[in-house]
file model08.txt (compact mmCIF, C-alpha atoms)
# COMPACT_ATOMS: atom_id res chain seq x y z
CA MET A 30 7.25 23.95 17.94
CA LYS A 31 4.28 22.71 15.90
CA GLU A 32 0.95 22.33 17.62
CA LEU A 33 0.00 19.09 15.89
CA ILE A 34 1.75 16.49 13.76
CA ILE A 35 -0.20 13.79 11.96
CA ILE A 36 1.69 10.76 10.63
CA GLY A 37 0.19 9.00 7.59
CA ALA A 38 -1.99 10.44 4.83
CA GLY A 39 -4.70 7.85 4.29
CA PRO A 40 -8.39 8.62 4.95
CA ALA A 41 -7.89 8.89 8.74
CA GLY A 42 -4.89 11.22 8.47
CA LEU A 43 -6.42 13.40 5.76
CA THR A 44 -9.63 13.80 7.77
CA ALA A 45 -7.72 14.58 10.97
CA GLY A 46 -5.81 17.13 8.89
CA LEU A 47 -9.02 18.63 7.52
CA TYR A 48 -10.46 19.11 11.00
CA ALA A 49 -7.16 20.38 12.44
CA ALA A 50 -6.76 22.90 9.61
CA ARG A 51 -10.30 24.19 10.14
CA ALA A 52 -9.59 24.46 13.88
CA ARG A 53 -6.61 26.62 12.83
CA LEU A 54 -4.14 24.38 14.63
CA GLU A 55 -0.63 24.76 13.34
CA THR A 56 -0.48 21.32 11.75
CA VAL A 57 1.70 19.30 9.44
CA LEU A 58 0.70 15.95 7.94
CA LEU A 59 3.69 13.74 7.18
CA GLU A 60 3.52 11.00 4.54
CA ARG A 61 6.42 8.85 3.32
CA LEU A 62 4.85 8.19 -0.09
CA ALA A 63 2.18 10.26 -1.83
CA PRO A 64 -1.17 10.42 0.06
CA GLY A 65 -3.48 7.44 -0.21
CA GLY A 66 -2.52 4.38 1.74
CA GLN A 67 -4.40 1.16 1.12
CA VAL A 68 -7.37 2.88 -0.50
CA MET A 69 -5.14 3.39 -3.54
CA THR A 70 -5.31 -0.33 -4.23
CA THR A 71 -9.13 -0.30 -4.32
CA ASP A 72 -10.71 -0.31 -7.76
CA ARG A 73 -14.18 0.72 -6.72
CA VAL A 74 -15.29 1.88 -3.26
CA GLU A 75 -18.98 0.97 -2.98
CA ASN A 76 -19.62 1.39 0.74
CA TYR A 77 -18.57 4.98 1.38
CA PRO A 78 -21.77 7.00 1.71
CA GLY A 79 -22.42 9.81 -0.74
CA PHE A 80 -21.22 7.97 -3.83
CA PRO A 81 -24.22 6.00 -5.12
CA ASP A 82 -22.31 4.93 -8.23
CA GLY A 83 -19.16 4.04 -6.31
CA VAL A 84 -15.88 5.92 -6.53
CA SER A 85 -12.36 4.82 -7.36
CA GLY A 86 -9.93 4.70 -4.44
CA PHE A 87 -7.70 7.15 -6.26
CA GLU A 88 -10.46 9.68 -6.85
CA LEU A 89 -11.71 9.48 -3.27
CA ILE A 90 -8.23 10.16 -1.90
CA ASP A 91 -7.67 12.97 -4.39
CA ARG A 92 -10.91 14.59 -3.25
CA MET A 93 -10.02 14.18 0.45
CA LYS A 94 -6.59 15.66 -0.16
CA ARG A 95 -7.88 18.66 -2.12
CA GLN A 96 -10.55 19.29 0.51
CA ALA A 97 -7.99 19.31 3.35
CA GLU A 98 -5.58 21.49 1.36
CA SER A 99 -8.34 23.98 0.57
CA PHE A 100 -8.24 24.84 4.29
CA ASP A 101 -4.45 25.22 4.11
CA LEU A 102 -3.42 21.86 5.53
CA LYS A 103 0.30 21.34 4.92
CA ILE A 104 1.19 17.85 3.64
CA GLU A 105 4.88 16.98 3.55
CA SER A 106 6.59 14.10 1.82
CA THR A 107 8.76 12.91 4.69
CA GLU A 108 9.53 9.58 6.28
CA VAL A 109 9.34 9.43 10.05
CA THR A 110 12.19 7.31 11.35
CA SER A 111 11.52 7.42 15.09
CA LEU A 112 9.46 9.04 17.81
CA GLU A 113 10.32 10.17 21.31
CA LEU A 114 7.05 10.21 23.19
CA SER A 115 6.29 11.12 26.78
CA PRO A 116 3.40 12.90 28.50
CA GLU A 117 5.59 16.04 28.67
CA LYS A 118 7.26 16.01 25.27
CA LYS A 119 6.66 14.67 21.76
CA VAL A 120 9.53 14.60 19.26
CA VAL A 121 9.22 13.37 15.67
CA ILE A 122 12.48 12.45 13.95
CA THR A 123 12.34 12.32 10.16
CA ASP A 124 14.69 11.93 7.22
CA LYS A 125 14.44 15.70 6.78
CA GLY A 126 14.82 16.87 10.35
CA ARG A 127 13.45 16.89 13.86
CA TYR A 128 10.11 18.33 14.91
CA GLU A 129 8.72 18.94 18.34
CA CYS A 130 4.95 19.11 18.78
CA LYS A 131 2.34 19.55 21.46
CA SER A 132 0.15 16.73 20.20
CA LEU A 133 0.52 13.83 17.77
CA ILE A 134 -1.97 11.78 15.76
CA LEU A 135 -0.84 8.42 14.49
CA THR A 136 -2.64 7.30 11.30
CA THR A 137 -0.07 4.87 9.97
CA GLY A 138 -2.58 2.27 8.78
CA ALA A 139 -1.85 -1.36 8.05
CA THR A 140 -0.20 -3.39 5.29
CA PRO A 141 -1.15 -6.72 3.69
CA MET A 142 0.13 -9.75 5.51
CA LYS A 143 2.33 -12.36 3.86
CA ILE A 144 1.54 -16.06 4.26
CA GLY A 145 5.05 -17.01 5.34
CA ILE A 146 5.34 -20.27 3.38
CA GLU A 147 8.04 -21.78 1.20
CA GLY A 148 8.35 -20.17 -2.22
CA GLU A 149 6.58 -16.95 -1.25
CA ALA A 150 9.64 -14.71 -0.89
CA LEU A 151 11.42 -16.35 -3.84
CA LEU A 152 8.47 -15.82 -6.19
CA THR A 153 7.39 -12.35 -5.08
CA GLY A 154 7.47 -10.30 -8.26
CA LYS A 155 7.27 -13.54 -10.27
CA GLY A 156 3.63 -14.46 -9.89
CA ILE A 157 2.76 -13.63 -6.29
CA SER A 158 0.83 -10.44 -5.75
CA TYR A 159 -0.76 -8.52 -2.89
CA CYS A 160 -2.57 -6.03 -5.17
CA ALA A 161 -5.05 -7.26 -7.79
CA THR A 162 -5.75 -3.77 -9.17
CA CYS A 163 -2.01 -3.31 -9.82
CA ASP A 164 -1.17 -6.70 -11.23
CA GLY A 165 -4.41 -8.20 -12.55
CA PRO A 166 -3.79 -7.05 -16.15
CA PHE A 167 -0.57 -9.16 -16.25
CA TYR A 168 -2.66 -12.33 -15.96
CA ARG A 169 -4.90 -12.06 -19.01
CA ASP A 170 -6.47 -15.44 -19.91
CA GLN A 171 -4.49 -17.23 -17.20
CA ASP A 172 -5.54 -19.29 -14.18
CA VAL A 173 -4.93 -17.70 -10.80
CA ALA A 174 -5.55 -18.42 -7.13
CA VAL A 175 -6.78 -16.02 -4.47
CA ILE A 176 -5.90 -16.88 -0.89
CA GLY A 177 -8.39 -15.64 1.73
CA GLY A 178 -12.11 -15.34 2.38
CA GLY A 179 -12.67 -11.81 3.70
CA ASP A 180 -13.96 -8.70 1.94
CA THR A 181 -10.67 -7.86 0.25
CA ALA A 182 -10.12 -11.41 -1.02
CA ILE A 183 -13.59 -11.63 -2.55
CA GLU A 184 -13.55 -8.09 -3.98
CA GLU A 185 -10.20 -8.77 -5.60
CA ALA A 186 -11.33 -12.19 -6.91
CA LEU A 187 -14.27 -10.45 -8.58
CA PHE A 188 -11.97 -7.75 -9.98
CA LEU A 189 -9.59 -10.37 -11.41
CA THR A 190 -12.42 -11.99 -13.42
CA LYS A 191 -12.14 -9.00 -15.78
CA PHE A 192 -8.81 -10.36 -17.00
CA VAL A 193 -8.19 -13.97 -16.07
CA LYS A 194 -9.54 -17.28 -17.34
CA SER A 195 -10.40 -18.59 -13.87
CA VAL A 196 -10.01 -17.70 -10.20
CA HIS A 197 -9.68 -20.38 -7.51
CA VAL A 198 -10.52 -18.93 -4.11
CA ILE A 199 -8.70 -20.89 -1.43
CA HIS A 200 -10.14 -20.47 2.04
CA ARG A 201 -9.23 -22.17 5.29
CA ARG A 202 -12.83 -22.47 6.45
CA ASP A 203 -16.01 -23.83 4.83
CA ALA A 204 -17.70 -20.42 4.69
CA LEU A 205 -16.59 -16.91 3.73
CA ARG A 206 -16.23 -13.99 6.13
CA ALA A 207 -16.87 -11.45 3.36
CA THR A 208 -19.96 -9.20 3.25
CA LYS A 209 -23.01 -11.20 2.10
CA LEU A 210 -23.49 -9.10 -1.04
CA LEU A 211 -19.92 -9.85 -2.16
CA GLN A 212 -20.41 -13.55 -1.40
CA GLU A 213 -23.53 -13.63 -3.59
CA ARG A 214 -21.68 -12.03 -6.47
CA ALA A 215 -18.73 -14.40 -6.17
CA MET A 216 -20.87 -17.54 -5.82
CA ALA A 217 -22.81 -16.56 -8.94
CA HIS A 218 -19.71 -15.84 -11.02
CA GLU A 219 -18.88 -18.42 -13.65
CA LYS A 220 -15.12 -17.77 -13.48
CA ILE A 221 -14.85 -18.20 -9.70
CA ARG A 222 -14.41 -21.58 -8.04
CA PHE A 223 -14.01 -22.22 -4.31
CA ILE A 224 -11.62 -24.57 -2.59
CA TRP A 225 -12.83 -24.86 1.00
CA ASP A 226 -11.11 -25.93 4.21
CA SER A 227 -7.71 -25.56 2.62
CA VAL A 228 -4.50 -23.67 3.31
CA PRO A 229 -1.54 -23.13 1.01
CA THR A 230 1.58 -24.92 2.23
CA ARG A 231 4.01 -24.11 -0.59
CA ILE A 232 4.15 -21.95 -3.70
CA LEU A 233 5.45 -24.06 -6.57
CA GLY A 234 7.83 -22.89 -9.28
CA GLU A 235 11.45 -21.87 -9.69
CA THR A 236 11.51 -18.80 -11.93
CA GLY A 237 7.79 -18.11 -11.90
CA VAL A 238 4.68 -19.37 -10.12
CA GLU A 239 3.54 -22.72 -11.50
CA GLY A 240 1.09 -23.71 -8.79
CA VAL A 241 0.17 -23.93 -5.13
CA GLU A 242 0.47 -26.91 -2.83
CA LEU A 243 -2.61 -27.14 -0.65
CA LYS A 244 -3.48 -28.94 2.53
CA ASN A 245 -7.05 -29.77 3.44
CA VAL A 246 -7.30 -28.85 7.11
CA LYS A 247 -10.08 -31.40 7.77
CA THR A 248 -8.66 -34.46 6.00
CA GLY A 249 -4.96 -33.59 6.00
CA GLU A 250 -4.87 -34.41 2.29
CA ILE A 251 -2.18 -32.65 0.23
CA SER A 252 -2.89 -31.59 -3.35
CA GLN A 253 -1.45 -29.36 -6.04
CA LEU A 254 -3.30 -26.69 -7.94
CA PRO A 255 -1.65 -25.51 -11.16
CA VAL A 256 -1.96 -21.70 -11.48
CA GLU A 257 0.17 -18.94 -12.99
CA GLY A 258 -0.54 -16.35 -10.34
CA VAL A 259 -1.27 -16.27 -6.60
CA PHE A 260 -3.00 -13.27 -5.05
CA VAL A 261 -2.72 -13.11 -1.26
CA PHE A 262 -5.38 -11.34 0.84
CA ILE A 263 -5.24 -13.00 4.23
CA GLY A 264 -5.34 -9.93 6.44
CA TYR A 265 -3.24 -7.02 7.58
CA SER A 266 -0.36 -6.14 9.86
CA PRO A 267 -0.63 -2.88 11.81
CA GLY A 268 1.78 -0.07 10.96
CA ASN A 269 2.99 0.08 14.56
CA GLN A 270 6.76 0.12 13.95
CA LEU A 271 7.20 3.62 15.41
CA VAL A 272 5.31 2.94 18.64
CA LYS A 273 5.90 -0.74 19.40
CA GLU A 274 7.90 0.02 22.53
CA THR A 275 6.03 3.08 23.74
CA LEU A 276 2.25 2.67 23.34
CA ASP A 277 -0.10 0.02 24.68
CA LEU A 278 -0.99 -2.42 21.89
CA ASP A 279 -3.53 -5.25 21.70
CA SER A 280 -2.44 -8.86 21.18
CA TYR A 281 -2.39 -8.34 17.38
CA GLY A 282 -0.23 -5.22 17.65
CA TYR A 283 -2.94 -2.61 17.05
CA VAL A 284 -2.80 0.60 19.11
CA ILE A 285 -5.25 0.74 22.01
CA THR A 286 -7.12 4.02 22.51
CA ASN A 287 -10.03 5.30 24.58
CA ASN A 288 -13.26 6.65 23.04
CA ASP A 289 -11.52 9.96 22.29
CA MET A 290 -8.80 8.13 20.29
CA GLU A 291 -6.21 8.90 22.97
CA THR A 292 -3.48 6.27 23.40
CA SER A 293 -1.68 5.27 26.60
CA ILE A 294 0.38 8.49 26.36
CA PRO A 295 -1.58 11.73 26.95
CA GLY A 296 -1.59 13.95 23.86
CA VAL A 297 -0.85 11.05 21.52
CA PHE A 298 -3.86 9.90 19.51
CA ALA A 299 -4.42 7.11 16.98
CA ALA A 300 -7.06 6.72 14.26
CA GLY A 301 -7.83 4.47 11.32
CA ASP A 302 -6.56 0.97 10.59
CA VAL A 303 -3.65 1.14 13.06
CA ARG A 304 -6.14 1.37 15.94
CA SER A 305 -7.49 -1.60 17.87
CA LYS A 306 -11.16 -1.90 16.84
CA LEU A 307 -13.89 -4.03 15.30
CA LEU A 308 -14.25 -2.64 11.76
CA ARG A 309 -11.45 -1.35 9.51
CA GLN A 310 -13.10 0.67 6.75
CA ILE A 311 -12.73 4.13 5.16
CA VAL A 312 -15.96 5.16 6.84
CA THR A 313 -14.68 4.31 10.33
CA ALA A 314 -11.22 5.79 9.63
CA VAL A 315 -12.60 9.22 8.76
CA GLY A 316 -14.81 9.37 11.86
CA GLU A 317 -11.89 8.49 14.06
CA GLY A 318 -9.65 11.01 12.31
CA ALA A 319 -12.16 13.76 13.06
CA THR A 320 -12.49 12.69 16.70
CA ALA A 321 -8.71 12.52 17.12
CA ALA A 322 -8.25 16.04 15.73
CA PHE A 323 -10.98 17.42 17.98
CA ALA A 324 -9.52 15.66 21.03
CA ALA A 325 -6.04 16.92 20.11
CA GLU A 326 -7.41 20.47 19.92
CA LYS A 327 -8.85 20.12 23.44
CA TYR A 328 -5.53 18.69 24.65
CA ILE A 329 -3.54 21.55 23.10
CA GLU A 330 -5.87 24.15 24.69
CA GLY A 331 -4.94 22.75 28.10
CA PHE A 332 -1.24 22.62 27.20
CA LYS A 333 1.01 24.65 29.46
CA MET B 16 4.65 13.10 -14.48
CA GLY B 17 7.15 15.88 -13.86
CA ASP B 18 10.52 16.01 -15.55
CA VAL B 19 11.38 12.33 -15.25
CA LEU B 20 12.59 10.73 -18.46
CA GLN B 21 9.93 8.45 -19.98
CA VAL B 22 11.54 5.52 -21.76
CA LYS B 23 9.82 3.36 -24.36
CA ASP B 24 10.46 -0.07 -25.86
CA ALA B 25 12.08 1.68 -28.84
CA ASN B 26 14.72 3.61 -26.88
CA PHE B 27 15.18 1.40 -23.81
CA GLU B 28 18.37 -0.19 -25.16
CA GLU B 29 19.91 3.15 -26.05
CA GLU B 30 18.82 5.10 -22.96
CA ILE B 31 19.20 2.47 -20.24
CA VAL B 32 21.24 -0.54 -21.32
CA GLN B 33 23.88 1.57 -23.08
CA SER B 34 23.83 4.38 -20.52
CA ASP B 35 27.27 5.61 -19.43
CA ILE B 36 26.03 6.04 -15.89
CA PRO B 37 23.92 3.64 -13.74
CA ALA B 38 20.18 3.79 -14.34
CA MET B 39 16.90 3.24 -12.52
CA VAL B 40 13.59 2.47 -14.22
CA ASP B 41 10.23 2.73 -12.45
CA PHE B 42 7.72 0.47 -14.23
CA TRP B 43 4.22 1.83 -13.72
CA ALA B 44 0.73 2.14 -15.21
CA GLU B 45 -2.15 4.56 -14.99
CA TRP B 46 -4.40 1.87 -13.45
CA CYS B 47 -2.03 1.22 -10.51
CA GLY B 48 -2.75 3.23 -7.35
CA PRO B 49 0.43 2.36 -5.44
CA CYS B 50 2.45 3.43 -8.52
CA LYS B 51 0.99 6.90 -8.07
CA THR B 52 2.17 7.02 -4.47
CA VAL B 53 5.74 6.24 -5.60
CA GLY B 54 5.70 8.79 -8.45
CA PRO B 55 6.66 11.87 -6.40
CA VAL B 56 9.44 9.93 -4.66
CA VAL B 57 10.93 8.96 -8.04
CA GLU B 58 10.71 12.59 -9.20
CA GLU B 59 12.59 13.80 -6.09
CA LEU B 60 15.28 11.16 -6.58
CA ALA B 61 15.62 12.09 -10.27
CA LYS B 62 16.50 15.65 -9.23
CA GLU B 63 18.90 14.59 -6.50
CA TYR B 64 20.80 12.08 -8.64
CA GLN B 65 20.89 14.16 -11.80
CA GLY B 66 24.12 13.45 -13.73
CA LYS B 67 25.00 10.53 -11.44
CA ILE B 68 22.19 8.03 -12.03
CA LYS B 69 19.77 8.17 -14.95
CA ILE B 70 16.30 7.87 -13.47
CA ALA B 71 13.46 6.97 -15.82
CA LYS B 72 9.90 5.67 -15.89
CA MET B 73 8.28 3.20 -18.23
CA ASN B 74 4.53 2.88 -18.77
CA VAL B 75 3.87 -0.88 -18.95
CA ASP B 76 0.51 -0.36 -20.62
CA GLU B 77 2.04 1.43 -23.60
CA ASN B 78 5.22 -0.67 -23.69
CA ARG B 79 4.80 -4.44 -23.51
CA GLU B 80 8.12 -5.74 -24.81
CA THR B 81 10.54 -4.51 -22.15
CA PRO B 82 8.41 -5.43 -19.10
CA ALA B 83 7.94 -8.93 -20.59
CA LYS B 84 11.67 -9.25 -21.16
CA PHE B 85 12.33 -8.56 -17.48
CA GLY B 86 9.46 -10.81 -16.39
CA ILE B 87 7.58 -8.00 -14.70
CA ARG B 88 4.29 -9.21 -13.22
CA ASN B 89 3.93 -6.71 -10.39
CA ILE B 90 3.92 -2.95 -10.42
CA PRO B 91 5.35 -0.79 -9.12
CA THR B 92 8.63 -2.55 -9.87
CA ILE B 93 11.86 -0.59 -9.88
CA ILE B 94 14.90 -2.05 -11.61
CA LEU B 95 18.40 -0.68 -11.07
CA PHE B 96 20.93 -1.12 -13.87
CA LYS B 97 24.69 -0.94 -13.78
CA ASP B 98 26.82 -1.41 -16.90
CA GLY B 99 23.69 -2.45 -18.75
CA LYS B 100 22.93 -5.30 -16.37
CA VAL B 101 20.26 -5.65 -13.70
CA ALA B 102 21.83 -4.78 -10.36
CA GLN B 103 18.70 -4.91 -8.21
CA THR B 104 14.94 -5.40 -8.56
CA ILE B 105 12.63 -3.73 -6.06
CA VAL B 106 9.02 -4.95 -6.12
CA GLY B 107 6.37 -2.81 -4.42
CA ALA B 108 6.00 0.74 -3.12
CA TYR B 109 8.92 1.68 -0.89
CA PRO B 110 9.65 5.05 0.74
CA LYS B 111 12.43 7.31 -0.43
CA SER B 112 14.97 6.29 2.22
CA HIS B 113 14.89 2.67 1.02
CA LEU B 114 15.33 3.59 -2.65
CA ASP B 115 18.00 6.13 -1.75
CA GLY B 116 19.95 3.42 0.07
CA GLU B 117 19.77 1.12 -2.97
CA LEU B 118 20.80 3.93 -5.34
CA LYS B 119 23.86 4.77 -3.23
CA LYS B 120 25.10 1.20 -3.73
CA LEU B 121 25.21 1.85 -7.49
CA LEU B 122 27.70 4.70 -7.20

call {"tool": "encode", "arguments": {"input": "model08.txt", "output": "structure tokens"}}
result
Amino acid sequence: MKELIIIGAGPAGLTAGLYAARARLETVLLERLAPGGQVMTTDRVENYPGFPDGVSGFELIDRMKRQAESFDLKIESTEVTSLELSPEKKVVITDKGRYECKSLILTTGATPMKIGIEGEALLTGKGISYCATCDGPFYRDQDVAVIGGGDTAIEEALFLTKFVKSVHVIHRRDALRATKLLQERAMAHEKIRFIWDSVPTRILGETGVEGVELKNVKTGEISQLPVEGVFVFIGYSPGNQLVKETLDLDSYGYVITNNDMETSIPGVFAAGDVRSKLLRQIVTAVGEGATAAFAAEKYIEGFK
Amino acid sequence: MGDVLQVKDANFEEEIVQSDIPAMVDFWAEWCGPCKTVGPVVEELAKEYQGKIKIAKMNVDENRETPAKFGIRNIPTIILFKDGKVAQTIVGAYPKSHLDGELKKLL
């Protein structure tokens, strides 16, 4: 039996792993892809302290991974398929076998949400994107739309200006939610234009994106915006698939924990974006990862 | 990038389209973070399917012709080929079990 299993190697999982390894807990961190999570889609992280010139998402993750591994954290490339969780017993079932552990930390993050409108599924891979840093270079000198008004939407709109001719930011309200600094940059940018109070109702095109049909939520007016690409950043869905039936979740599906990151099952902890909380950032994920590992250590010490 | 075959515009036809066995091509670029998370999965699959399915990678930054031909506008994109024709297109970073399931259908 392992002492601790951590599921998901983003910033929260890697930090939990770092602390667990230094506490000399017998730990394994399971990740279905290579470590990184959503940070890997970030061009430049500007709000993680200690990097006054910013740092690429890839480099930050690489540093976190190397730091954790320097204390002998074991990271395995394994997909967890199901969990059997109870106060007495925790079993992790993976594509490579079955593990039992004394304590478990869930750091499964979140994934970008789809809009769920006509044309979206059909045109995914043909002009709809959920990752500007991946796909921006395919849209050189073209017109694109960004859907959303939060930090990610505005950061990605700014990133896209490096390649595209113009970016139309489509937002359902008449003001952005994004950090003020990002708003200032976007408002001042000559390539960025805002379409307020509007939601996309249909993605137009048969074999590739040709435009977006928009509805003004105040006037009800329908219009069409010709663009060659649509970048969607309207929020996230929690990675709760493994614990939907077993842990207490909030109304959005995020895992509820106490201040020590413990979930509704003793010995099962959650940290990072999958957790119910106010602010989903790298800086909050790492703090929670550390707390979860420390709390897990205390739990394991009391384990009979 | 491990031992995975790197195909280029110049040898794509010969290596993939005319391959005697089914093939899989992972379209990627250095600038793409999620592509890096799929890389190790593709390397593992290449070992497991050796001799049965030809598994290759193509850098879309260095090769423009082939990605354009297949209309690739998102990476990672994985295309599966059987008898020289596209059998399946997988857009986005998926875990090994999903790709493994799709590869099994080719055999």

call {"tool": "atom_distance", "arguments": {"input": "model08.txt", "atom1": "CA of Asp203 (chain A)", "atom2": "CA of Ser280 (chain A)"}}
result
26.0 Å

call {"tool": "closest_atom_pairs", "arguments": {"input": "model08.txt", "of": "chain B", "to": "chain A", "cutoff": "6 Å", "atoms": "all atoms listed in the file", "output": "tab-separated table"}}
result
residue	atom	partner	partner_atom	distance
B:Cys47	CA	A:Cys163	CA	4.6
B:Gly48	CA	A:Met69	CA	4.5
B:Pro49	CA	A:Met69	CA	6.0
B:Thr52	CA	A:Ala63	CA	4.2
B:Val53	CA	A:Leu62	CA	5.9
B:Arg88	CA	A:Phe167	CA	5.7
B:Asn89	CA	A:Asp164	CA	5.2
B:Ile90	CA	A:Cys163	CA	6.0
B:Val106	CA	A:Gly154	CA	6.0
B:Pro110	CA	A:Arg61	CA	5.6

call {"tool": "residues_around", "arguments": {"input": "model08.txt", "residues": "Leu189 (chain A)", "least_positions_apart": "2", "cutoff": "12 Å", "atoms": "all atoms listed in the file", "output": "PyMOL selection string"}}
result
chain A and resi 72+158+160-175+181-187+191-198+215+218+220-221+258-260

call {"tool": "residues_around", "arguments": {"input": "model08.txt", "residues": "Trp43 (chain B)", "least_positions_apart": "4", "cutoff": "9 Å", "atoms": "all atoms listed in the file", "output": "PyMOL selection string"}}
result
(chain A and resi 163) or (chain B and resi 47+50-51+54+72-76+90-93)

call {"tool": "residues_near_point", "arguments": {"input": "model08.txt", "point": "(-6.9, 7.8, 6.3)", "cutoff": "12 Å", "atoms": "all atoms listed in the file", "output": "compact mmCIF listing (two decimals) with C-alpha atoms, keeping the file's coordinate frame"}}
result
# COMPACT_ATOMS: atom_id res chain seq x y z
CA ILE A 35 -0.20 13.79 11.96
CA ILE A 36 1.69 10.76 10.63
CA GLY A 37 0.19 9.00 7.59
CA ALA A 38 -1.99 10.44 4.83
CA GLY A 39 -4.70 7.85 4.29
CA PRO A 40 -8.39 8.62 4.95
CA ALA A 41 -7.89 8.89 8.74
CA GLY A 42 -4.89 11.22 8.47
CA LEU A 43 -6.42 13.40 5.76
CA THR A 44 -9.63 13.80 7.77
CA ALA A 45 -7.72 14.58 10.97
CA GLY A 46 -5.81 17.13 8.89
CA LEU A 47 -9.02 18.63 7.52
CA LEU A 58 0.70 15.95 7.94
CA GLU A 60 3.52 11.00 4.54
CA PRO A 64 -1.17 10.42 0.06
CA GLY A 65 -3.48 7.44 -0.21
CA GLY A 66 -2.52 4.38 1.74
CA GLN A 67 -4.40 1.16 1.12
CA VAL A 68 -7.37 2.88 -0.50
CA MET A 69 -5.14 3.39 -3.54
CA GLY A 86 -9.93 4.70 -4.44
CA LEU A 89 -11.71 9.48 -3.27
CA ILE A 90 -8.23 10.16 -1.90
CA ASP A 91 -7.67 12.97 -4.39
CA MET A 93 -10.02 14.18 0.45
CA LYS A 94 -6.59 15.66 -0.16
CA ALA A 97 -7.99 19.31 3.35
CA ILE A 134 -1.97 11.78 15.76
CA LEU A 135 -0.84 8.42 14.49
CA THR A 136 -2.64 7.30 11.30
CA THR A 137 -0.07 4.87 9.97
CA GLY A 138 -2.58 2.27 8.78
CA ALA A 139 -1.85 -1.36 8.05
CA ALA A 299 -4.42 7.11 16.98
CA ALA A 300 -7.06 6.72 14.26
CA GLY A 301 -7.83 4.47 11.32
CA ASP A 302 -6.56 0.97 10.59
CA VAL A 303 -3.65 1.14 13.06
CA ARG A 304 -6.14 1.37 15.94
CA ARG A 309 -11.45 -1.35 9.51
CA GLN A 310 -13.10 0.67 6.75
CA ILE A 311 -12.73 4.13 5.16
CA VAL A 312 -15.96 5.16 6.84
CA THR A 313 -14.68 4.31 10.33
CA ALA A 314 -11.22 5.79 9.63
CA VAL A 315 -12.60 9.22 8.76
CA GLY A 316 -14.81 9.37 11.86
CA GLU A 317 -11.89 8.49 14.06
CA GLY A 318 -9.65 11.01 12.31
CA ALA A 319 -12.16 13.76 13.06
CA ALA A 321 -8.71 12.52 17.12

call {"tool": "axis_aligned_box", "arguments": {"input": "model08.txt", "around": "region 40-54 of chain A", "padding_each_side": "4 Å", "output": "AutoDock Vina command-line options"}}
result
--center_x -7.3 --center_y 17.6 --center_z 9.8 --size_x 14.3 --size_y 26.0 --size_z 17.7

call {"tool": "atom_distance", "arguments": {"input": "model08.txt", "atom1": "CA of Thr123 (chain A)", "atom2": "CA of Val57 (chain B)"}}
result
18.6 Å
